[in-house]
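Chemist: So here's data.cif, just mmCIF, C-alpha atoms:
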```cif
data_final
#
loop_
_atom_site.label_atom_id
_atom_site.label_comp_id
_atom_site.auth_asym_id
_atom_site.auth_seq_id
_atom_site.Cartn_x
_atom_site.Cartn_y
_atom_site.Cartn_z
CA MET K 3 3.51 -28.09 -7.35
CA ILE K 4 5.22 -25.44 -5.18
CA ARG K 5 4.65 -26.19 -1.49
CA VAL K 6 4.53 -23.10 0.72
CA ALA K 7 4.34 -22.55 4.51
CA LEU K 8 3.39 -19.29 6.23
CA SER K 9 4.53 -17.78 9.54
CA ASP K 10 3.04 -14.62 11.03
CA ASP K 11 1.62 -13.86 14.45
CA HIS K 12 -1.47 -12.25 12.90
CA ALA K 13 -4.02 -14.78 11.65
CA ILE K 14 -5.54 -12.27 9.25
CA VAL K 15 -2.15 -11.76 7.55
CA ARG K 16 -1.69 -15.51 7.13
CA ALA K 17 -5.22 -15.79 5.75
CA GLY K 18 -4.52 -13.04 3.25
CA PHE K 19 -1.35 -14.69 1.95
CA ARG K 20 -3.06 -18.08 1.82
CA LEU K 21 -5.91 -16.60 -0.23
CA ILE K 22 -3.46 -14.99 -2.67
CA LEU K 23 -1.31 -18.09 -3.11
CA GLU K 24 -4.02 -20.73 -3.34
CA THR K 25 -5.60 -19.00 -6.34
CA GLU K 26 -2.61 -20.29 -8.33
CA PRO K 27 -2.84 -23.84 -9.73
CA ASP K 28 0.88 -24.53 -9.14
CA ILE K 29 1.03 -23.37 -5.48
CA GLU K 30 -0.17 -25.22 -2.39
CA VAL K 31 -0.08 -23.88 1.20
CA VAL K 32 0.89 -26.82 3.41
CA GLY K 33 0.86 -25.20 6.84
CA GLU K 34 0.87 -22.10 9.03
CA ALA K 35 2.74 -21.03 12.17
CA SER K 36 2.15 -18.13 14.55
CA GLU K 37 5.65 -17.95 16.08
CA GLY K 38 9.23 -18.93 15.30
CA ARG K 39 9.60 -22.25 17.12
CA GLU K 40 6.37 -23.48 15.57
CA ALA K 41 7.72 -22.40 12.18
CA VAL K 42 10.92 -24.41 12.69
CA ARG K 43 8.90 -27.52 13.60
CA LEU K 44 6.64 -27.01 10.60
CA ALA K 45 9.62 -26.63 8.25
CA ALA K 46 11.19 -29.85 9.54
CA LEU K 47 7.90 -31.75 9.29
CA GLU K 48 6.51 -30.57 5.95
CA ARG K 49 9.72 -29.56 4.12
CA PRO K 50 7.96 -26.85 2.07
CA ASP K 51 9.75 -25.45 -0.95
CA VAL K 52 9.27 -21.88 0.33
CA PHE K 53 8.60 -20.56 3.83
CA LEU K 54 7.18 -17.02 4.08
CA MET K 55 8.59 -15.79 7.40
CA ASP K 56 7.52 -12.76 9.41
CA VAL K 57 10.31 -11.04 11.37
CA GLN K 58 8.57 -9.71 14.47
CA MET K 59 6.81 -12.52 16.31
CA PRO K 60 6.40 -13.37 20.01
CA GLY K 61 8.87 -15.85 21.42
CA THR K 62 11.37 -16.89 18.77
CA ASN K 63 11.53 -14.19 16.10
CA GLY K 64 11.96 -14.68 12.37
CA LEU K 65 15.70 -14.08 12.44
CA GLU K 66 16.36 -16.93 14.85
CA ALA K 67 13.78 -19.15 13.16
CA THR K 68 15.53 -18.59 9.82
CA ARG K 69 18.86 -19.63 11.33
CA LEU K 70 17.35 -22.78 12.81
CA ILE K 71 15.58 -23.72 9.58
CA ALA K 72 18.84 -23.28 7.66
CA GLU K 73 20.43 -25.74 10.11
CA LYS K 74 17.63 -28.29 10.42
CA ALA K 75 15.98 -28.08 6.98
CA PRO K 76 18.51 -26.52 4.59
CA ASP K 77 16.42 -27.47 1.56
CA VAL K 78 13.66 -25.07 2.70
CA ARG K 79 13.97 -21.61 1.16
CA VAL K 80 12.99 -18.82 3.57
CA LEU K 81 11.43 -15.65 2.20
CA ILE K 82 11.39 -12.88 4.82
CA LEU K 83 8.28 -10.69 5.16
CA THR K 84 9.06 -7.13 6.26
CA THR K 85 7.29 -3.81 6.82
CA PHE K 86 10.48 -1.69 7.07
CA GLU K 87 9.27 -0.15 10.32
CA ARG K 88 11.70 -1.77 12.76
CA ASP K 89 13.24 -4.47 10.64
CA ASP K 90 16.88 -3.35 10.72
CA TYR K 91 17.74 -6.87 11.88
CA VAL K 92 16.45 -8.35 8.61
CA PHE K 93 20.10 -8.08 7.53
CA GLY K 94 20.88 -10.75 10.10
CA ALA K 95 18.15 -12.98 8.73
CA LEU K 96 19.68 -12.75 5.26
CA ARG K 97 23.07 -13.62 6.69
CA ASN K 98 21.43 -16.56 8.47
CA GLY K 99 20.30 -18.12 5.22
CA ALA K 100 17.15 -16.35 4.01
CA ALA K 101 16.68 -16.46 0.25
CA GLY K 102 15.30 -12.94 0.05
CA PHE K 103 12.63 -10.61 1.36
CA LEU K 104 9.22 -9.31 0.42
CA LEU K 105 7.24 -6.28 1.57
CA LYS K 106 4.04 -7.22 3.39
CA ASN K 107 2.09 -4.67 1.36
CA SER K 108 3.32 -6.05 -1.97
CA PRO K 109 0.71 -6.50 -4.70
CA PRO K 110 -0.62 -10.07 -5.02
CA GLU K 111 1.18 -10.65 -8.30
CA ASP K 112 4.51 -9.71 -6.66
CA VAL K 113 3.91 -12.20 -3.86
CA ILE K 114 3.22 -14.96 -6.37
CA ASP K 115 6.25 -14.04 -8.47
CA ALA K 116 8.45 -13.96 -5.37
CA VAL K 117 7.37 -17.45 -4.32
CA ARG K 118 8.02 -18.84 -7.80
CA THR K 119 11.40 -17.09 -8.00
CA VAL K 120 12.62 -18.46 -4.68
CA ALA K 121 11.16 -21.93 -5.35
CA GLY K 122 13.11 -21.99 -8.61
CA GLY K 123 16.38 -21.63 -6.70
CA ASP K 124 16.95 -17.93 -7.32
CA SER K 125 17.33 -15.21 -4.70
CA LEU K 126 14.90 -12.34 -4.44
CA LEU K 127 17.14 -9.28 -4.70
CA ALA K 128 15.40 -6.04 -5.53
CA PRO K 129 18.35 -3.59 -5.54
CA SER K 130 16.45 -0.71 -3.93
CA VAL K 131 15.09 -2.90 -1.14
CA THR K 132 18.47 -4.56 -0.58
CA ARG K 133 20.18 -1.19 -0.33
CA ARG K 134 17.62 0.18 2.11
CA ILE K 135 18.01 -2.76 4.48
CA ILE K 136 21.80 -2.61 4.38
CA GLU K 137 21.86 1.15 4.93
CA GLU K 138 19.65 0.61 7.98
CA PHE K 139 22.11 -2.04 9.17
CA VAL K 140 25.01 0.43 8.85
CA ARG K 141 23.10 3.20 10.66
CA ASN K 142 22.50 0.81 13.54
CA GLY K 143 26.14 0.06 14.12
CA GLY K 144 27.15 -2.36 11.38
CA THR K 145 30.83 -1.79 10.57
CA PRO K 146 32.50 -3.28 7.46
CA VAL K 147 35.42 -5.56 8.34
CA PRO K 148 37.92 -6.57 5.61
CA SER K 149 37.86 -10.34 5.14
CA PRO K 150 40.98 -12.42 4.45
CA GLU K 151 38.74 -14.70 2.38
CA LEU K 152 38.77 -12.04 -0.33
CA ASP K 153 42.35 -13.06 -1.10
CA SER K 154 41.00 -16.31 -2.57
CA LEU K 155 39.21 -14.39 -5.33
CA THR K 156 40.73 -13.34 -8.64
CA ASP K 157 40.53 -9.69 -9.66
CA ARG K 158 37.68 -10.49 -12.05
CA GLU K 159 35.79 -12.38 -9.34
CA ARG K 160 36.13 -9.37 -7.04
CA GLN K 161 34.68 -7.17 -9.78
CA VAL K 162 31.76 -9.56 -10.22
CA LEU K 163 31.18 -9.68 -6.44
CA VAL K 164 30.97 -5.88 -6.33
CA GLN K 165 28.30 -5.95 -9.04
CA VAL K 166 26.40 -8.73 -7.25
CA GLY K 167 26.57 -6.59 -4.11
CA ARG K 168 24.91 -3.77 -5.98
CA GLY K 169 22.01 -6.11 -6.80
CA LEU K 170 22.72 -6.52 -10.51
CA SER K 171 21.51 -9.58 -12.42
CA ASN K 172 23.90 -11.79 -14.42
CA ARG K 173 22.80 -10.08 -17.62
CA GLU K 174 23.43 -6.62 -16.17
CA ILE K 175 26.84 -7.67 -14.85
CA ALA K 176 27.75 -9.10 -18.25
CA GLU K 177 26.88 -5.77 -19.88
CA ALA K 178 28.79 -3.77 -17.26
CA LEU K 179 31.96 -5.88 -17.53
CA PHE K 180 31.72 -6.61 -21.29
CA VAL K 181 31.71 -10.38 -20.87
CA GLY K 182 29.26 -13.17 -21.68
CA GLU K 183 26.40 -14.00 -19.33
CA ALA K 184 27.63 -17.60 -19.08
CA THR K 185 31.02 -16.30 -17.94
CA VAL K 186 29.36 -14.23 -15.22
CA LYS K 187 27.37 -17.26 -14.07
CA SER K 188 30.61 -19.24 -13.83
CA HIS K 189 32.28 -16.46 -11.82
CA VAL K 190 29.32 -16.24 -9.43
CA SER K 191 29.43 -20.00 -8.83
CA ALA K 192 33.17 -19.79 -8.12
CA ILE K 193 32.66 -16.87 -5.72
CA LEU K 194 29.98 -18.71 -3.75
CA ALA K 195 32.14 -21.84 -3.55
CA LYS K 196 35.32 -20.01 -2.51
CA LEU K 197 33.60 -17.91 0.14
CA GLY K 198 31.36 -20.71 1.42
CA LEU K 199 28.17 -18.76 0.66
CA ARG K 200 24.76 -20.26 0.04
CA ASP K 201 23.42 -17.90 -2.62
CA ARG K 202 23.50 -14.37 -4.06
CA VAL K 203 21.77 -12.90 -1.02
CA GLN K 204 24.61 -13.99 1.23
CA ALA K 205 27.06 -12.68 -1.38
CA VAL K 206 25.44 -9.24 -1.09
CA VAL K 207 25.74 -9.39 2.69
CA PHE K 208 29.38 -10.48 2.44
CA ALA K 209 30.21 -7.65 0.01
CA TYR K 210 28.89 -5.05 2.44
CA GLU K 211 30.37 -6.64 5.55
CA ALA K 212 33.78 -6.89 3.87
CA GLY K 213 33.64 -3.23 2.82
CA LEU K 214 33.54 -3.88 -0.93
CA ILE K 215 30.30 -1.91 -1.15
CA ARG K 216 29.40 1.27 0.65
CA PRO K 217 25.78 2.42 1.08
CA GLY K 218 25.04 4.74 -1.83
CA GLY K 219 27.92 3.48 -3.98
CA ASP K 220 30.83 1.04 -4.31
CA ARG K 221 34.53 1.20 -3.79
#
```
Can the structure in the file be given as structure tokens, please?
Modeler:
Amino acid sequence: MIRVALSDDHAIVRAGFRLILETEPDIEVVGEASEGREAVRLAALERPDVFLMDVQMPGTNGLEATRLIAEKAPDVRVLILTTFERDDYVFGALRNGAAGFLLKNSPPEDVIDAVRTVAGGDSLLAPSVTRRIIEEFVRNGGTPVPSPELDSLTDRERQVLVQVGRGLSNREIAEALFVGEATVKSHVSAILAKLGLRDRVQAVVFAYEAGLIRPGGDR
């Protein structure tokens, strides 16, 4: 059973997500929160597998709540809910440990798939959505800064990191670099370990912040 918690300041939004999720026999909603601090307490108490987290909430927003949950309940996977209206700071939430993001107006089947994906330990990385958030980050003053940590990577690992930054799956990276999928998986694991990153989402963020990827293309 996948245990899910919800956080949004609008009760009707929480009710809608609860209705969608509880139609599935393998998903259980274990709690709701209307603001960030309440969400952090709920995460620590219930330890859900997945926490659907709104960004804009009164008091503690979703970005700060995500950071606190990553510190206090690192086993809880946070899935950011966004509308793309003023969510340029979602980039910060991803850097703070979120496992991915989901549009609030997503079809019900996409919401269910997203929860299962994140609960299974994978990151939710739709390339077009990832790129849009990062381009918004750059427009609002984000400046790539070369990282000395890149020196710890081999040339092949750098190539793999660039492809991860573009949002490609292991299979797509394997095809692009003419290597086996198992080899790509090994490289990704090494990259995360060497750079001290939690998952592929943080690898995408790192690739952009370090200047390996430019919005609209790569170096």
Chemist: Take the PyMOL selection byres ((chain K and resi 181-196) around 9), run it mentally on this structure, and tell me the resulting residues as a list in words.
Modeler: Glu151, Leu152, Ser154, Leu155, Arg158, Glu159, Arg160, Val162, Leu163, Val166, Asn172, Arg173, Glu174, Ile175, Ala176, Glu177, Ala178, Leu179, Phe180, Leu197, Gly198, Leu199, Arg200, Asp201, Arg202, Gln204 and Ala205 of chain K
Chemist: Step by step: start from the point (28.8, -5.8, -4.1) in the file's coordinates, keep every protein, DNA or RNA residue that has an atom no farther than 8 Å from it, count only C-alpha atoms, and write the set as a VMD selection string.
Modeler: chain K and resid 162 to 169 205 to 206 209 to 210 214 to 215 220
Chemist: With distances taken over only C-alpha atoms, which of K:Ala116, K:Ala121, K:Val52, K:Leu83 is nearest to Asp10 (chain K)?
Modeler: K:Leu83
Chemist: Calculated over all atoms listed in the file, which of the candidates K:Phe93, K:Phe53, K:Phe19, K:Phe208 has the smallest distance to Val113 (chain K)?
Modeler: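 Closest to Val113 (chain K) of all the choices is K:Phe19.
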Chemist: Selected by the PyMOL selection byres ((chain K and resi 29-35) around 10) in the shown coordinates: which residues, as a ChimeraX atom specification?
Modeler: /K:3-13,16-17,19-28,36-45,47-56,114,117-118
Chemist: In Å to one decimal, how far is CA of Asn63 (chain K) from CA of Gly94 (chain K)?
Modeler: 11.6 Å
Chemist: Measure the distance from CA of Glu211 (chain K) to CA of Val147 (chain K) in Å and round it to one decimal.
Modeler: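 If I compute the distance from CA of Glu211 (chain K) to CA of Val147 (chain K), I get 5.9 Å.
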Chemist: Of the candidates K:Glu66, K:Asp115, K:Asp153, K:Asp124, which one gets nearest to Arg79 (chain K) if we count all atoms listed in the file?
Modeler: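 Smallest separation from Arg79 (chain K) among the options: K:Asp124.
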Chemist: Give me, please, the distance in Å between CA of Leu81 (chain K) and CA of Ala46 (chain K), quoted to one decimal.
Modeler: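 These two atoms are separated by 16.0 Å.
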